[in-house]
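Participant: Below is target.cif; it holds mmCIF, C-alpha atoms.
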```cif
data_structure
loop_
_atom_site.label_atom_id
_atom_site.label_comp_id
_atom_site.auth_asym_id
_atom_site.auth_seq_id
_atom_site.Cartn_x
_atom_site.Cartn_y
_atom_site.Cartn_z
CA MET N 145 -62.33 17.91 67.49
CA GLN N 146 -60.84 14.71 66.07
CA ARG N 147 -62.61 11.35 66.39
CA ALA N 148 -60.89 7.96 66.65
CA ALA N 149 -62.03 4.63 65.22
CA VAL N 150 -59.95 1.97 66.97
CA PHE N 151 -59.92 -1.52 65.46
CA ASP N 152 -58.83 -4.88 66.69
CA VAL N 153 -57.29 -6.81 63.76
CA ASP N 154 -57.41 -10.62 64.12
CA GLY N 155 -60.98 -11.80 63.60
CA THR N 156 -62.19 -8.22 63.10
CA LEU N 157 -60.46 -7.10 59.90
CA VAL N 158 -58.60 -10.28 58.92
CA ASP N 159 -60.10 -13.79 59.01
CA THR N 160 -57.41 -15.36 61.19
CA ASN N 161 -59.08 -16.54 64.39
CA HIS N 162 -59.39 -20.16 63.33
CA LEU N 163 -55.81 -20.17 62.05
CA HIS N 164 -54.79 -19.05 65.54
CA VAL N 165 -56.97 -21.76 67.11
CA THR N 166 -55.37 -24.48 64.99
CA THR N 167 -51.79 -23.30 65.48
CA TRP N 168 -52.17 -22.75 69.24
CA TRP N 169 -53.82 -26.18 69.54
CA GLU N 170 -50.91 -27.76 67.67
CA ALA N 171 -48.29 -25.90 69.73
CA LEU N 172 -49.99 -27.08 72.92
CA ARG N 173 -50.35 -30.62 71.60
CA GLN N 174 -46.66 -30.81 70.69
CA ALA N 175 -45.83 -29.79 74.27
CA GLY N 176 -48.03 -32.54 75.69
CA HIS N 177 -51.13 -30.49 76.57
CA ARG N 178 -54.61 -31.70 75.65
CA VAL N 179 -56.70 -28.55 75.29
CA PRO N 180 -59.96 -28.70 73.29
CA MET N 181 -60.19 -26.37 70.33
CA HIS N 182 -63.34 -24.69 71.63
CA ALA N 183 -61.41 -23.59 74.72
CA VAL N 184 -58.59 -22.25 72.58
CA HIS N 185 -61.11 -20.34 70.47
CA ARG N 186 -62.57 -18.61 73.52
CA ALA N 187 -59.06 -17.49 74.52
CA ILE N 188 -58.15 -15.96 71.16
CA GLY N 189 -57.74 -12.21 71.55
CA LEU N 190 -55.58 -12.48 74.63
CA GLY N 191 -51.84 -11.86 74.35
CA SER N 192 -49.64 -14.96 74.24
CA ASP N 193 -48.72 -14.97 77.93
CA ASP N 194 -52.28 -14.38 79.05
CA LEU N 195 -53.64 -16.96 76.63
CA VAL N 196 -51.31 -19.67 77.94
CA ALA N 197 -52.14 -18.76 81.54
CA HIS N 198 -55.87 -18.77 80.76
CA LEU N 199 -55.71 -22.22 79.15
CA LEU N 200 -53.20 -23.99 81.39
CA GLY N 201 -53.70 -22.26 84.76
CA ASP N 202 -51.33 -20.84 87.33
CA ASP N 203 -49.94 -24.24 88.33
CA ARG N 204 -48.46 -24.87 84.86
CA ASP N 205 -44.72 -25.05 84.17
CA LYS N 206 -44.24 -21.35 83.42
CA GLU N 207 -40.76 -22.00 82.03
CA GLN N 208 -42.55 -23.56 79.05
CA ASP N 209 -44.50 -20.40 78.19
CA ASP N 210 -41.88 -18.94 75.85
CA GLU N 211 -41.50 -22.27 74.04
CA LEU N 212 -45.25 -22.49 73.50
CA SER N 213 -45.38 -18.94 72.18
CA ALA N 214 -42.44 -19.57 69.84
CA ALA N 215 -44.04 -22.77 68.54
CA HIS N 216 -47.29 -20.95 67.85
CA LYS N 217 -45.48 -18.15 66.03
CA ALA N 218 -43.59 -20.63 63.87
CA LEU N 219 -46.74 -22.54 62.96
CA TYR N 220 -48.82 -19.42 62.32
CA GLY N 221 -46.00 -17.83 60.34
CA GLN N 222 -46.56 -20.39 57.58
CA TYR N 223 -49.71 -18.46 56.65
CA PHE N 224 -48.24 -14.95 56.48
CA ASP N 225 -48.29 -14.82 52.68
CA ARG N 226 -51.99 -15.70 52.42
CA LEU N 227 -53.83 -14.18 55.39
CA PRO N 228 -57.37 -13.39 54.18
CA ALA N 229 -58.83 -9.96 54.86
CA LEU N 230 -62.51 -10.00 55.69
CA GLN N 231 -64.80 -8.58 53.02
CA ASP N 232 -64.60 -4.78 52.72
CA ALA N 233 -62.16 -4.42 55.63
CA GLY N 234 -59.92 -2.06 53.66
CA ARG N 235 -62.89 -0.18 52.19
CA LEU N 236 -64.31 0.36 55.69
CA LEU N 237 -61.07 1.89 56.98
CA ARG N 238 -60.73 4.14 53.93
CA ARG N 239 -64.34 5.31 54.24
CA LEU N 240 -63.84 6.21 57.90
CA ASP N 241 -60.63 8.05 57.06
CA GLN N 242 -62.47 10.00 54.37
CA ASP N 243 -65.22 10.79 56.88
CA GLY N 244 -62.67 12.39 59.21
CA TRP N 245 -62.02 9.56 61.66
CA ARG N 246 -58.50 8.85 62.88
CA VAL N 247 -58.16 5.11 62.24
CA VAL N 248 -56.00 3.23 64.74
CA LEU N 249 -55.21 -0.48 65.00
CA ALA N 250 -55.01 -2.00 68.49
CA THR N 251 -53.52 -5.48 68.25
CA SER N 252 -51.37 -7.97 70.09
CA ALA N 253 -49.55 -8.69 66.82
CA GLY N 254 -46.16 -7.18 66.11
CA GLY N 255 -43.19 -7.45 63.79
CA ALA N 256 -43.59 -9.67 60.73
CA GLU N 257 -47.05 -10.78 61.84
CA LEU N 258 -48.36 -7.23 61.98
CA SER N 259 -46.79 -6.49 58.59
CA ALA N 260 -48.57 -9.51 57.12
CA LEU N 261 -51.90 -8.41 58.60
CA ARG N 262 -51.50 -4.90 57.21
CA ARG N 263 -50.66 -6.29 53.78
CA ALA N 264 -53.85 -8.36 53.93
CA ILE N 265 -55.98 -5.33 54.83
CA SER N 266 -54.23 -3.22 52.16
CA ALA N 267 -55.33 0.12 53.59
CA ASP N 268 -52.16 1.62 55.04
CA ASP N 269 -53.09 4.98 53.54
CA ALA N 270 -56.09 5.12 55.90
CA ILE N 271 -54.35 3.95 59.10
CA THR N 272 -53.06 6.78 61.28
CA ALA N 273 -51.33 4.67 63.97
CA THR N 274 -50.95 1.19 65.39
CA ALA N 275 -50.91 0.25 69.08
CA SER N 276 -49.36 -3.13 69.83
CA ALA N 277 -49.60 -5.11 73.06
CA ASP N 278 -45.80 -4.84 73.10
CA ASP N 279 -46.26 -1.13 73.86
CA VAL N 280 -48.20 -1.63 77.10
CA ALA N 281 -47.75 -3.43 80.40
CA GLU N 282 -51.06 -5.31 80.14
CA GLY N 283 -52.92 -6.53 77.08
CA LYS N 284 -56.67 -6.93 76.62
CA PRO N 285 -58.96 -7.20 78.54
CA ALA N 286 -57.04 -4.48 80.41
CA PRO N 287 -57.85 -1.02 79.00
CA GLU N 288 -54.22 -0.06 78.29
CA PRO N 289 -54.14 -1.12 74.60
CA VAL N 290 -57.17 1.04 73.80
CA GLU N 291 -55.94 3.91 75.96
CA HIS N 292 -52.55 3.78 74.24
CA ALA N 293 -54.24 3.82 70.82
CA LEU N 294 -56.10 6.99 71.79
CA GLU N 295 -52.92 8.59 73.13
CA LEU N 296 -51.22 8.01 69.78
CA VAL N 297 -53.81 10.16 67.99
CA GLY N 298 -54.62 12.56 70.83
CA VAL N 299 -58.33 11.73 70.99
CA PRO N 300 -60.31 11.47 74.27
CA ALA N 301 -62.31 8.34 75.06
CA GLU N 302 -65.65 10.08 74.65
CA ARG N 303 -64.74 10.81 71.01
CA ALA N 304 -63.77 7.22 70.19
CA VAL N 305 -65.31 3.93 69.09
CA PHE N 306 -63.61 0.56 69.43
CA VAL N 307 -64.47 -2.28 67.04
CA GLY N 308 -63.59 -5.85 67.97
CA ASP N 309 -64.71 -9.46 67.78
CA THR N 310 -64.01 -10.95 71.23
CA VAL N 311 -65.22 -10.47 74.78
CA TRP N 312 -61.65 -9.38 75.60
CA ASP N 313 -62.01 -6.53 73.11
CA MET N 314 -65.34 -5.42 74.51
CA ARG N 315 -64.07 -5.50 78.08
CA ALA N 316 -60.93 -3.55 77.18
CA GLY N 317 -62.93 -0.90 75.33
CA SER N 318 -65.53 -0.60 78.08
CA ARG N 319 -62.84 -0.20 80.73
CA ALA N 320 -61.20 2.49 78.61
CA GLY N 321 -64.50 4.38 78.48
CA VAL N 322 -65.09 4.16 74.73
CA ARG N 323 -68.17 3.01 72.85
CA CYS N 324 -67.78 -0.61 71.75
CA VAL N 325 -68.94 -2.20 68.52
CA GLY N 326 -68.82 -5.97 68.12
CA VAL N 327 -68.51 -8.03 64.95
CA LEU N 328 -69.53 -11.67 64.69
CA CYS N 329 -66.92 -12.74 62.12
CA GLY N 330 -64.54 -13.90 64.85
CA GLY N 331 -66.98 -16.62 65.88
CA ILE N 332 -68.01 -15.32 69.31
CA PRO N 333 -71.78 -15.33 69.99
CA ARG N 334 -73.71 -12.07 69.90
CA THR N 335 -74.96 -12.53 73.48
CA ASP N 336 -71.42 -12.84 74.83
CA LEU N 337 -70.29 -9.66 73.07
CA VAL N 338 -73.29 -7.71 74.35
CA GLU N 339 -72.75 -8.93 77.91
CA ALA N 340 -69.10 -7.84 77.65
CA GLY N 341 -70.05 -4.31 76.62
CA ALA N 342 -70.88 -4.14 72.91
CA GLN N 343 -73.36 -1.36 72.19
CA ALA N 344 -73.95 -2.47 68.61
CA ILE N 345 -73.30 -5.71 66.69
CA TYR N 346 -72.60 -6.29 63.00
CA ASP N 347 -71.85 -9.44 61.04
CA ASP N 348 -68.51 -8.30 59.64
CA PRO N 349 -66.73 -5.23 58.18
CA ALA N 350 -68.92 -5.34 55.06
CA HIS N 351 -72.09 -5.22 57.18
CA LEU N 352 -70.71 -2.35 59.27
CA LEU N 353 -69.72 -0.42 56.13
CA ALA N 354 -73.21 -0.86 54.67
CA SER N 355 -74.75 0.26 57.96
CA LEU N 356 -72.46 3.20 58.78
CA ALA N 357 -75.19 5.83 58.63
CA ASP N 358 -77.03 4.21 61.52
CA SER N 359 -74.01 3.03 63.49
CA PRO N 360 -71.94 4.51 66.34
CA LEU N 361 -69.47 5.42 63.57
CA ALA N 362 -71.99 7.67 61.78
#
```
Show me the file's structure as structure tokens.

Facilitator:
Amino acid sequence: MQRAAVFDVDGTLVDTNHLHVTTWWEALRQAGHRVPMHAVHRAIGLGSDDLVAHLLGDDRDKEQDDELSAAHKALYGQYFDRLPALQDAGRLLRRLDQDGWRVVLATSAGGAELSALRRAISADDAITATASADDVAEGKPAPEPVEHALELVGVPAERAVFVGDTVWDMRAGSRAGVRCVGVLCGGIPRTDLVEAGAQAIYDDPAHLLASLADSPLA
């Protein structure tokens, strides 16, 4: 029976979390909102609509949501040609593919942003499918993104592992019934990831690759 290795992308395979923090902070600042960067950082991993709601609350001017999202996309888009993959991210995906895992990306990115992320990882030959938040009604921490990823490759939850860097990833994977692996390269503390459902923690893709034999992806 096939096995699936589902990966978040931002902060897990590509070192983009702090770029997102800076560009969301600037988009919010330009719109007149004073939101501290540490709060923005904790919200990274949510889809755009959920991130704005999380940071500004339900009593915000919701007509401004699309403008904020567009401003963030424009600011972040300046980095598309130089997004940095985390060390050994591509090697990790290729190794799992060689070991018989179906590698799936589960990300809120789409369009040109997703293309830029995939170019950074440079392992398209190892990626079986990609599940975007655009394909589901609810993004992380709802389980739908992970469930959709598994549907794309026809693998049941008990035969899958989800790797991510945020509490939203861990909650989504746990709710989908898959084993969750956390990485610290997105900047979220180990304790938070464990409390959200991570069954194992690694520093980054390079650490996970070096530790595969003793990991949930063995």

Participant: Neighbouring residues of range 299-302 of chain N were defined as those with any atom within 6 Å, considering all atoms listed in the file; residues of the same chain fewer than 3 positions away were excluded. Please report them as a list in words.

Facilitator: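 Contacts, in chain order: Leu294, Gly321 and Val322 of chain N.
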
Participant: Counting all atoms listed in the file, which residue out of N:Ser213, N:Gln343, N:Thr167, N:Ser355 sits closest to Val196 in chain N?

Facilitator: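 Using all atoms listed in the file, the shortest distance to Val196 in chain N belongs to N:Ser213.
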
Participant: Taking (-61.1, -21.4, 75.4) in the coordinates of the supplied file, I want to know which residues reach to within 12 Å of it, counting all atoms listed in the file; could you give the answer as a PyMOL selection string?

Facilitator: chain N and resi 164-165+168-169+179-190+194-201+310-311+332

Participant: Please write as a list in words the full residue list that the PyMOL selection byres ((chain N and resi 145) around 12) yields on this file.

Facilitator: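 Output from the PyMOL selection byres ((chain N and resi 145) around 12), applied to this file: Gln146, Arg147, Ala148, Gly244, Trp245, Arg246, Val297, Gly298, Val299, Pro300, Glu302, Arg303 and Ala304 of chain N.
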
Participant: Using all atoms listed in the file, find the one residue out of N:Pro228, N:Pro287, N:Pro349, N:Gly255 that sits nearest to Cys329 in chain N.

Facilitator: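 Using all atoms listed in the file, Cys329 in chain N sits closest to N:Pro349.
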
Participant: Write out as a list in words the residues lying within 12 Å of Asp232 in chain N, counting only C-alpha atoms and excluding same-chain residues fewer than 4 positions away.

Facilitator: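 Everything that qualifies: Thr156, Leu157, Val158, Asp159, Pro228, Leu236, Leu237, Arg238, Arg239, Ala264, Ile265, Ser266, Ala267, Asp347, Asp348, Pro349, Ala350, His351, Leu352, Leu353 and Ala354 of chain N.
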
Participant: Which of these residues is nearest to Ala273 in chain N, using all atoms listed in the file: N:Ala175, N:Thr251, N:Ala357, N:Ala286?

Facilitator: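 Ranking N:Ala175, N:Thr251, N:Ala357, N:Ala286 by distance to Ala273 in chain N, first place goes to N:Thr251.
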
Participant: Considering all atoms listed in the file, can you say which of N:Lys217, N:Lys206, N:His292, N:Arg315 comes closest to Glu339 in chain N?

Facilitator: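 Going through N:Lys217, N:Lys206, N:His292, N:Arg315 one by one, the smallest distance to Glu339 in chain N is for N:Arg315.
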
Participant: Could you work out how far CA of Arg319 in chain N lies from CA of Arg235 in chain N, giving the answer in Å with one decimal?

Facilitator: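 Taking CA of Arg235 in chain N and CA of Arg319 in chain N, their separation equals 28.5 Å.
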
Participant: Within 7 Å of Tyr346 in chain N, counting only C-alpha atoms, which residues qualify if same-chain residues fewer than 6 places away don't, as a PyMOL selection string?

Facilitator: chain N and resi 326-328+352

Participant: What lies within 10 Å of Asp279 in chain N using only C-alpha atoms, ignoring chain neighbours under 3 positions off, as JSON, numbers by chain?

Facilitator: {"N": [252, 254, 274, 275, 276, 282, 283, 288, 289, 292, 293]}

Participant: I need the residue nearest Val305 in chain N from this list: N:Asp269, N:Glu291, N:Asp193, N:Asp205. Use all atoms listed in the file for the distance.

Facilitator: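 Looking at the shortest contact to Val305 in chain N, the residue is N:Glu291.
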
Participant: Do you have the CA of Ala340 in chain N-CA of Gly317 in chain N distance handy?

Facilitator: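 Straight-line distance from CA of Ala340 in chain N to CA of Gly317 in chain N works out to 9.6 Å.
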
Participant: Taking only C-alpha atoms into account, name the residue in N:Ala233, N:Val338, N:Ala218, N:Leu227 that is nearest to Ala260 in chain N.

Facilitator: N:Leu227

Participant: Please, what distance in Å, to one decimal, runs between CA of Phe151 in chain N and CA of Thr166 in chain N?

Facilitator: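 Rounded to one decimal, the two atoms are 23.4 Å apart.
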
Participant: Skip Val150 in chain N itself and residues of its chain fewer than 2 positions away, then list as a PDB file with C-alpha atoms, keeping the file's coordinate frame all residues within 6 Å of it, counting only C-alpha atoms.

Facilitator:
```pdb
ATOM      1  CA  VAL N 247     -58.160   5.110  62.240  1.00  0.00           C
ATOM      2  CA  VAL N 248     -56.000   3.230  64.740  1.00  0.00           C
ATOM      3  CA  LEU N 249     -55.210  -0.480  65.000  1.00  0.00           C
ATOM      4  CA  PHE N 306     -63.610   0.560  69.430  1.00  0.00           C
TER       5      PHE N 306
END
```
